[in-house]
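Reproduced below: run19.cif, with mmCIF, C-alpha atoms and all ligand atoms.
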data_structure
loop_
_atom_site.label_atom_id
_atom_site.label_comp_id
_atom_site.auth_asym_id
_atom_site.auth_seq_id
_atom_site.Cartn_x
_atom_site.Cartn_y
_atom_site.Cartn_z
CA MET A 1 -1.92 13.99 13.16
CA ASN A 2 -3.83 11.65 15.49
CA ALA A 3 -4.59 7.97 14.85
CA GLU A 4 -8.08 8.66 13.51
CA GLU A 5 -6.84 11.26 11.03
CA LEU A 6 -4.08 8.91 9.95
CA ASN A 7 -6.61 6.15 9.33
CA ARG A 8 -8.68 8.51 7.18
CA LEU A 9 -5.60 9.35 5.15
CA ALA A 10 -4.86 5.62 4.85
CA GLU A 11 -8.33 5.26 3.30
CA ARG A 12 -7.42 7.94 0.75
CA ALA A 13 -4.21 6.11 -0.12
CA TRP A 14 -6.14 2.85 -0.38
CA ARG A 15 -8.62 4.46 -2.78
CA ILE A 16 -5.81 5.89 -4.90
CA ARG A 17 -4.42 2.35 -5.29
CA ARG A 18 -7.91 1.05 -6.08
CA TYR A 19 -8.61 3.70 -8.73
CA ALA A 20 -5.21 3.16 -10.32
CA LEU A 21 -5.92 -0.57 -10.63
CA GLN A 22 -9.33 0.17 -12.14
CA MET A 23 -7.72 2.46 -14.73
CA GLY A 24 -5.03 -0.12 -15.43
CA GLU A 25 -7.74 -2.67 -16.10
CA VAL A 26 -9.29 -0.36 -18.72
CA GLN A 27 -6.10 -0.52 -20.79
CA GLY A 28 -4.79 -3.90 -19.62
CA GLN A 29 -1.37 -2.46 -18.94
CA GLY A 30 0.41 0.48 -17.42
CA TYR A 31 2.72 1.95 -14.85
CA ILE A 32 0.78 0.31 -12.09
CA GLY A 33 3.73 -0.72 -9.91
CA GLN A 34 4.71 2.94 -9.57
CA ALA A 35 1.13 4.00 -8.74
CA LEU A 36 0.80 1.42 -5.97
CA GLY A 37 4.20 2.36 -4.58
CA TYR A 38 3.59 6.11 -4.66
CA ALA A 39 -0.02 6.20 -3.38
CA ASP A 40 0.93 7.11 0.20
CA VAL A 41 2.91 10.13 -1.03
CA LEU A 42 0.10 11.30 -3.31
CA ALA A 43 -2.55 10.88 -0.61
CA THR A 44 -0.44 13.01 1.72
CA ALA A 45 0.16 15.67 -0.94
CA TYR A 46 -3.44 15.92 -2.18
CA CYS A 47 -5.41 15.09 0.97
CA HIS A 48 -3.22 16.62 3.67
CA ALA A 49 -0.49 19.03 2.61
CA MET A 50 -1.53 21.01 -0.44
CA ARG A 51 -3.66 24.12 -0.64
CA LEU A 52 -6.24 23.40 -3.36
CA ARG A 53 -9.71 24.27 -4.50
CA PRO A 54 -10.88 21.10 -6.22
CA GLU A 55 -13.68 22.96 -8.00
CA ASP A 56 -11.19 25.54 -9.30
CA PRO A 57 -7.92 23.72 -10.15
CA ALA A 58 -6.40 26.90 -11.65
CA TRP A 59 -7.02 28.99 -8.50
CA GLU A 60 -4.11 31.45 -8.23
CA GLY A 61 -3.50 30.71 -4.53
CA ARG A 62 -3.05 26.95 -5.05
CA ASP A 63 0.07 24.96 -4.37
CA ARG A 64 1.50 23.62 -7.63
CA PHE A 65 2.25 19.92 -8.11
CA LEU A 66 4.49 19.16 -11.08
CA LEU A 67 4.51 15.61 -12.36
CA SER A 68 7.97 15.61 -13.90
CA HIS A 69 7.79 11.83 -14.41
CA GLY A 70 4.78 12.08 -16.75
CA HIS A 71 4.52 8.31 -17.06
CA TYR A 72 3.19 8.28 -13.45
CA ALA A 73 0.00 9.98 -14.75
CA ILE A 74 -2.18 7.03 -13.79
CA ALA A 75 -1.12 7.57 -10.17
CA LEU A 76 -1.78 11.31 -10.27
CA TYR A 77 -5.20 10.87 -11.92
CA ALA A 78 -6.13 8.49 -9.12
CA ALA A 79 -5.15 11.14 -6.55
CA MET A 80 -7.05 13.86 -8.44
CA LEU A 81 -10.12 11.63 -8.60
CA GLU A 82 -9.89 11.14 -4.85
CA ALA A 83 -9.34 14.86 -4.22
CA GLY A 84 -12.47 15.70 -6.26
CA ILE A 85 -10.57 17.55 -9.00
CA LEU A 86 -11.76 14.98 -11.54
CA PRO A 87 -15.10 13.12 -11.48
CA VAL A 88 -14.72 9.45 -10.56
CA GLU A 89 -16.84 8.34 -13.55
CA GLU A 90 -14.13 9.67 -15.87
CA LEU A 91 -11.84 6.86 -14.75
CA GLU A 92 -13.45 4.60 -17.36
CA THR A 93 -12.04 6.78 -20.17
CA TYR A 94 -8.40 6.36 -19.10
CA GLY A 95 -6.06 6.18 -22.10
CA SER A 96 -8.86 6.22 -24.72
CA ASP A 97 -9.08 8.56 -27.72
CA ASP A 98 -10.51 11.96 -26.73
CA SER A 99 -10.11 11.21 -23.01
CA ARG A 100 -8.88 13.95 -20.68
CA LEU A 101 -6.74 11.23 -19.07
CA PRO A 102 -3.99 10.32 -21.54
CA MET A 103 -1.42 7.73 -20.50
CA SER A 104 1.29 10.37 -20.08
CA GLY A 105 0.51 13.59 -18.20
CA MET A 106 -0.45 16.50 -20.47
CA ALA A 107 -1.15 19.97 -19.11
CA THR A 108 -3.43 20.90 -22.01
CA TYR A 109 -5.65 17.83 -21.55
CA THR A 110 -6.29 17.53 -17.84
CA PRO A 111 -7.53 20.07 -15.29
CA GLY A 112 -5.03 20.30 -12.44
CA MET A 113 -2.13 18.93 -14.50
CA GLU A 114 0.43 21.73 -14.22
CA ILE A 115 2.98 20.57 -16.80
CA SER A 116 3.41 18.09 -19.61
CA GLY A 117 6.08 15.93 -18.03
CA GLY A 118 7.61 12.73 -19.32
CA SER A 119 10.68 14.12 -21.02
CA LEU A 120 12.53 13.18 -17.88
CA GLY A 121 14.68 15.65 -16.00
CA GLN A 122 12.69 18.79 -16.89
CA GLY A 123 10.38 19.16 -13.89
CA LEU A 124 12.83 20.48 -11.34
CA ALA A 125 14.01 23.26 -13.67
CA ILE A 126 10.41 24.25 -14.41
CA GLY A 127 9.73 24.15 -10.67
CA VAL A 128 12.65 26.49 -10.00
CA GLY A 129 11.22 29.00 -12.48
CA MET A 130 7.73 28.75 -11.00
CA ALA A 131 8.97 28.99 -7.42
CA LEU A 132 11.11 32.02 -8.27
CA GLY A 133 8.15 33.71 -9.95
CA LEU A 134 5.89 33.02 -6.97
CA LYS A 135 8.55 34.26 -4.57
CA LEU A 136 8.91 37.51 -6.51
CA LYS A 137 5.13 37.93 -6.33
CA ARG A 138 5.29 37.30 -2.57
CA SER A 139 2.89 34.41 -3.00
CA GLU A 140 2.46 31.90 -0.16
CA SER A 141 2.06 28.98 -2.57
CA PHE A 142 4.47 26.07 -2.60
CA VAL A 143 5.75 24.33 -5.70
CA TYR A 144 6.01 20.56 -5.31
CA ASN A 145 8.13 18.94 -7.97
CA SER A 146 7.57 15.20 -8.07
CA MET A 147 10.19 13.12 -9.86
CA SER A 148 11.50 9.60 -10.28
CA ASP A 149 14.89 8.23 -9.34
CA GLY A 150 15.72 7.76 -13.03
CA GLU A 151 15.68 11.56 -13.27
CA LEU A 152 18.62 11.74 -10.88
CA ASN A 153 20.68 10.63 -13.87
CA GLU A 154 19.76 13.78 -15.81
CA GLY A 155 22.28 16.65 -15.70
CA SER A 156 19.44 19.19 -15.87
CA THR A 157 18.23 17.99 -12.46
CA TRP A 158 21.47 19.03 -10.81
CA GLU A 159 21.68 22.30 -12.67
CA ALA A 160 18.21 23.12 -11.35
CA ALA A 161 19.17 21.95 -7.85
CA ALA A 162 22.04 24.44 -7.82
CA GLY A 163 19.74 27.21 -9.08
CA ALA A 164 17.14 26.53 -6.39
CA ALA A 165 19.70 26.92 -3.60
CA HIS A 166 21.21 30.00 -5.22
CA HIS A 167 17.81 31.72 -5.43
CA ARG A 168 16.91 30.60 -1.88
CA LEU A 169 13.68 28.93 -2.93
CA GLY A 170 12.23 27.89 0.40
CA ASN A 171 8.88 27.55 -1.42
CA LEU A 172 10.17 24.63 -3.50
CA ILE A 173 9.69 21.07 -2.26
CA CYS A 174 11.04 18.25 -4.40
CA ILE A 175 9.92 14.67 -3.84
CA VAL A 176 11.96 11.87 -5.37
CA ASP A 177 10.51 8.38 -5.67
CA LEU A 178 13.42 6.08 -4.89
CA ASN A 179 11.81 2.88 -6.16
CA ARG A 180 15.18 1.55 -7.30
CA GLN A 181 13.83 0.92 -10.78
CA GLN A 182 14.35 2.42 -14.23
CA ALA A 183 13.33 1.20 -17.67
CA ASP A 184 16.76 -0.42 -18.13
CA GLY A 185 16.95 -2.01 -14.67
CA PRO A 186 17.99 -1.02 -11.16
CA PRO A 187 19.78 2.37 -11.01
CA ALA A 188 22.69 0.74 -9.21
CA GLN A 189 23.39 -1.07 -12.50
CA VAL A 190 22.50 1.81 -14.86
CA THR A 191 24.13 4.88 -13.26
CA ASP A 192 24.24 4.80 -9.49
CA TYR A 193 22.86 7.90 -7.76
CA GLU A 194 23.91 7.13 -4.21
CA PRO A 195 24.73 8.74 -1.85
CA VAL A 196 21.74 10.88 -2.88
CA HIS A 197 21.14 12.39 0.57
CA ALA A 198 24.70 13.74 0.67
CA LYS A 199 24.46 15.02 -2.90
CA PHE A 200 21.37 17.17 -2.28
CA ALA A 201 22.86 18.37 1.02
CA ALA A 202 26.05 19.39 -0.79
CA PHE A 203 23.90 21.43 -3.21
CA GLY A 204 22.52 23.37 -0.21
CA TRP A 205 19.16 21.61 0.20
CA HIS A 206 17.32 20.58 3.35
CA VAL A 207 17.12 16.81 2.96
CA GLN A 208 14.88 14.16 4.48
CA ARG A 209 14.93 10.48 3.55
CA ILE A 210 12.00 8.35 4.66
CA ASP A 211 10.11 5.13 4.06
CA GLY A 212 7.56 6.36 1.49
CA ASN A 213 5.12 3.61 2.44
CA ASP A 214 5.05 4.58 6.12
CA LEU A 215 2.17 7.04 6.01
CA ALA A 216 2.92 8.68 9.36
CA ALA A 217 6.53 9.28 8.27
CA VAL A 218 5.35 10.76 4.97
CA VAL A 219 2.97 13.16 6.74
CA GLN A 220 5.69 14.22 9.14
CA ALA A 221 8.17 14.81 6.32
CA PHE A 222 5.70 16.97 4.36
CA ASP A 223 4.91 18.97 7.51
CA THR A 224 8.61 19.48 8.23
CA ALA A 225 9.25 20.58 4.65
CA ARG A 226 6.33 23.04 4.69
CA LEU A 227 6.98 24.52 8.09
CA LEU A 228 10.75 24.86 7.98
CA PRO A 229 11.62 28.57 8.07
CA GLY A 230 14.17 30.12 5.72
CA GLY A 231 15.11 29.94 2.09
CA GLN A 232 16.59 26.46 1.77
CA PRO A 233 14.88 24.40 -0.93
CA ARG A 234 13.60 21.12 0.49
CA VAL A 235 13.78 17.59 -0.82
CA ILE A 236 11.99 14.51 0.48
CA LEU A 237 13.60 11.29 -0.71
CA VAL A 238 11.05 8.50 -0.43
CA ASP A 239 12.03 4.87 -0.52
CA THR A 240 9.01 3.05 -1.93
CA LEU A 241 8.09 -0.49 -2.85
CA MET A 242 6.71 -0.92 -6.36
CA GLY A 243 3.38 -2.72 -6.34
CA LYS A 244 2.85 -1.95 -2.63
CA GLY A 245 -0.33 -3.52 -1.29
CA VAL A 246 -0.62 -6.27 -3.91
CA PRO A 247 1.97 -8.91 -3.02
CA PHE A 248 2.00 -10.66 -6.40
CA LEU A 249 2.84 -7.32 -8.07
CA GLU A 250 5.40 -6.37 -5.40
CA THR A 251 7.51 -9.35 -6.40
CA ARG A 252 7.06 -9.11 -10.16
CA ASP A 253 10.27 -8.83 -12.17
CA LYS A 254 10.83 -6.07 -14.75
CA ASN A 255 7.98 -4.07 -13.27
CA HIS A 256 8.73 -0.72 -14.97
CA PHE A 257 5.76 -1.26 -17.33
CA ILE A 258 3.46 -4.11 -16.42
CA ARG A 259 1.14 -6.09 -18.61
CA VAL A 260 -1.32 -7.81 -16.35
CA ASP A 261 -3.48 -10.68 -17.61
CA PRO A 262 -7.21 -9.85 -17.50
CA PRO A 263 -8.12 -12.01 -14.47
CA GLU A 264 -5.19 -10.59 -12.51
CA TRP A 265 -6.69 -7.08 -12.39
CA GLN A 266 -9.71 -8.41 -10.56
CA GLN A 267 -7.42 -10.53 -8.41
CA ALA A 268 -5.36 -7.45 -7.50
CA ILE A 269 -8.51 -5.48 -6.64
CA ALA A 270 -9.75 -8.39 -4.53
CA VAL A 271 -6.46 -8.42 -2.61
CA LEU A 272 -6.85 -4.72 -1.79
CA ASP A 273 -10.50 -5.13 -0.80
CA ALA A 274 -9.71 -8.06 1.47
CA ALA A 275 -6.96 -6.07 3.20
CA ARG A 276 -9.36 -3.22 4.19
CA PRO A 277 -12.97 -4.50 4.05
CA GLU A 278 -14.32 -1.39 5.78
CA PHE A 279 -12.80 0.84 3.08
CA ALA A 280 -14.12 -1.48 0.35
CA ALA A 281 -17.63 -1.38 1.82
CA ARG A 282 -17.70 2.43 1.83
CA LEU A 283 -16.49 2.55 -1.76
CA ALA A 284 -19.00 -0.08 -2.89
CA ALA A 285 -21.79 1.96 -1.26
CA GLY A 286 -20.73 4.95 -3.34
CA GLN A 287 -19.67 6.93 -0.28
CA ARG A 288 -16.77 9.31 -0.17
CA ALA A 289 -14.03 8.66 2.38
CA ALA A 290 -14.52 10.43 5.70
CA GLY A 291 -12.94 13.84 6.29
CA ALA A 292 -11.92 16.66 4.01
CA CYS A 293 -9.52 16.08 1.16
C1 LIG B 301 14.80 12.42 -21.32
C2 LIG B 301 14.22 11.04 -21.39
N1 LIG B 301 15.02 9.98 -21.63
C3 LIG B 301 14.50 8.73 -21.70
C4 LIG B 301 13.16 8.52 -21.54
C5 LIG B 301 12.58 7.11 -21.68
N2 LIG B 301 12.11 6.60 -20.39
C6 LIG B 301 10.80 6.57 -20.07
S1 LIG B 301 10.52 6.00 -18.53
C7 LIG B 301 12.20 5.75 -18.27
C8 LIG B 301 12.69 5.21 -16.95
C9 LIG B 301 13.29 6.24 -16.09
O1 LIG B 301 13.45 5.83 -14.75
P1 LIG B 301 12.29 5.97 -13.68
O2 LIG B 301 11.43 7.08 -14.08
O3 LIG B 301 12.89 5.92 -12.34
O4 LIG B 301 11.51 4.59 -13.99
P2 LIG B 301 10.41 3.82 -13.09
O5 LIG B 301 10.76 3.99 -11.65
O6 LIG B 301 9.08 4.39 -13.44
O7 LIG B 301 10.53 2.39 -13.53
C10 LIG B 301 12.92 6.11 -19.38
C11 LIG B 301 14.39 6.01 -19.49
C12 LIG B 301 12.35 9.65 -21.28
N3 LIG B 301 11.04 9.53 -21.08
N4 LIG B 301 12.89 10.89 -21.19
MG MG B 302 12.40 4.67 -10.70
#
Let me see whether you can do it: turn the structure in this file into structure tokens.
Amino acid sequence: MNAEELNRLAERAWRIRRYALQMGEVQGQGYIGQALGYADVLATAYCHAMRLRPEDPAWEGRDRFLLSHGHYAIALYAAMLEAGILPVEELETYGSDDSRLPMSGMATYTPGMEISGGSLGQGLAIGVGMALGLKLKRSESFVYNSMSDGELNEGSTWEAAAGAAHHRLGNLICIVDLNRQQADGPPAQVTDYEPVHAKFAAFGWHVQRIDGNDLAAVVQAFDTARLLPGGQPRVILVDTLMGKGVPFLETRDKNHFIRVDPPEWQQAIAVLDAARPEFAARLAAGQRAAGAC
């Protein structure tokens, strides 16, 4: 990917952060730290790596993206708004009664939402089943299972990891958001998952560990995972910074679920706009970001 393409993708990631903040403002609270931290990964998935037809989210030939950590829904909605799967105007309904955008991801509510995640530790097992089914059908689609580092504490995750290697699911790509945060505190104090690279490798997976806020590294890791020949399942471990892009949220304590005072939402949006005025101007003019998504 050349510098111009990378800058276009950076605009997508910027917009995902911006939309997530706008949705957070609607409810006054939410998993906003995660959305800001994970935006670079979601921009790469939805605007670079995945095969999609935004106008037909159930297209049989699509790549599947499973949001195992359903509480990250605000982040995924922002990516689906940017990818054109959901209309941007719908953002205003986030979390309201009768909205298609509930606060936790629900497959029956939202076009493009593959599973109802949120009961943590289920996504990888579902992904194994889907990837096996697609493999048996000789489909070229990939299954991306997205999960949080808290889910590394679930036994079902490791049972599924063993199954994926056993069935040689080279069409399964797992992404783990290593944000070093769980509801009860840092994983190192809850149940430590390190050395996570060595653990996945021991289960027979192809493993990459990258800085999940270095967009070029994220693109490269997705490309490596997609293009690697053979039947090894692939995992991309992404170290991310919660609140990335809004310094006063990056440093906030207990940021698993943030309540932000009303003026702070506007402040956070202003910080983003000031960081990339050219992106902000295009958004304010109602223009889509350049390039295909
Ligand atoms: C099986 C299960 N156990 C407990 C919970 C309650 N819960 C919701 S979010 C969360 C934190 C899990 O860690 P992680 O997803 O890494 O948190 P984050 O990075 O979003 O702060 C927990 C324990 C749940 N949703 N599912
Ligand atoms: Mg976490």
Exercise. Once you count only C-alpha atoms and all ligand atoms, which residues end up within 6 Å of ligand MG 302 (chain B), and could you hand them over as a list of chain:residue names?
Worked result: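 Based on only C-alpha atoms and all ligand atoms, ligand MG 302 (chain B) is surrounded within 6 Å by A:Ser148, A:Asp149, A:Gly150, A:Asn179, A:Arg180, A:Gln181, A:Gln182.
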Exercise. What lies within 8 Å of region 156-159 of chain A using all atoms listed in the file, ignoring chain neighbours under 3 positions off, as a ChimeraX atom specification?
Worked result: /A:121-122,124-125,151-153,162-163
Exercise. If you count all atoms listed in the file, which residues end up within 10 Å of ligand LIG 301 (chain B), as number ranges by chain?
Worked result: A: 31-35, 37, 68-72, 104, 117-122, 147-154, 156, 176-187, 190, 240, 242, 254-257
Go ahead and dump the residues you just picked, C-alpha atoms, as a short mmCIF file (atom, residue, chain, number, x, y, z; two decimals), in the coordinates of the input.
data_model
loop_
_atom_site.label_atom_id
_atom_site.label_comp_id
_atom_site.auth_asym_id
_atom_site.auth_seq_id
_atom_site.Cartn_x
_atom_site.Cartn_y
_atom_site.Cartn_z
CA TYR A 31 2.72 1.95 -14.85
CA ILE A 32 0.78 0.31 -12.09
CA GLY A 33 3.73 -0.72 -9.91
CA GLN A 34 4.71 2.94 -9.57
CA ALA A 35 1.13 4.00 -8.74
CA GLY A 37 4.20 2.36 -4.58
CA SER A 68 7.97 15.61 -13.90
CA HIS A 69 7.79 11.83 -14.41
CA GLY A 70 4.78 12.08 -16.75
CA HIS A 71 4.52 8.31 -17.06
CA TYR A 72 3.19 8.28 -13.45
CA SER A 104 1.29 10.37 -20.08
CA GLY A 117 6.08 15.93 -18.03
CA GLY A 118 7.61 12.73 -19.32
CA SER A 119 10.68 14.12 -21.02
CA LEU A 120 12.53 13.18 -17.88
CA GLY A 121 14.68 15.65 -16.00
CA GLN A 122 12.69 18.79 -16.89
CA MET A 147 10.19 13.12 -9.86
CA SER A 148 11.50 9.60 -10.28
CA ASP A 149 14.89 8.23 -9.34
CA GLY A 150 15.72 7.76 -13.03
CA GLU A 151 15.68 11.56 -13.27
CA LEU A 152 18.62 11.74 -10.88
CA ASN A 153 20.68 10.63 -13.87
CA GLU A 154 19.76 13.78 -15.81
CA SER A 156 19.44 19.19 -15.87
CA VAL A 176 11.96 11.87 -5.37
CA ASP A 177 10.51 8.38 -5.67
CA LEU A 178 13.42 6.08 -4.89
CA ASN A 179 11.81 2.88 -6.16
CA ARG A 180 15.18 1.55 -7.30
CA GLN A 181 13.83 0.92 -10.78
CA GLN A 182 14.35 2.42 -14.23
CA ALA A 183 13.33 1.20 -17.67
CA ASP A 184 16.76 -0.42 -18.13
CA GLY A 185 16.95 -2.01 -14.67
CA PRO A 186 17.99 -1.02 -11.16
CA PRO A 187 19.78 2.37 -11.01
CA VAL A 190 22.50 1.81 -14.86
CA THR A 240 9.01 3.05 -1.93
CA MET A 242 6.71 -0.92 -6.36
CA LYS A 254 10.83 -6.07 -14.75
CA ASN A 255 7.98 -4.07 -13.27
CA HIS A 256 8.73 -0.72 -14.97
CA PHE A 257 5.76 -1.26 -17.33
#
Seminar exercise, completed: For Leu21 (chain A), the closest of A:Val235, A:Leu66, A:Ala78, A:Ala49 counting all atoms listed in the file is A:Ala78
For this session: Write out as a ChimeraX atom specification each polymer residue whose atoms come within 12 Å of region 275-283 of chain A, counting all atoms listed in the file; drop sequence neighbours fewer than 4 positions from it.
Result: /A:7-19,82,88,245-247,268-271,287-290
Exercise. Nearest to Gly212 (chain A) among A:Leu76, A:Ile126, A:Ala161, A:Leu42, with distances taken over all atoms listed in the file: which residue is it?
Worked result: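 Of A:Leu76, A:Ile126, A:Ala161, A:Leu42, the one nearest Gly212 (chain A), counting all atoms listed in the file, is A:Leu42.
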Problem set entry | Best match for closeness to Ala164 (chain A) among A:Thr110, A:Val218, A:Arg234, A:Glu250, counting all atoms listed in the file | A:Arg234
Exercise. From the list A:Ala198, A:Ala79, A:Leu172, A:Ala58, which residue is nearest Ala45 (chain A) when using only C-alpha atoms?
Worked result: A:Ala79
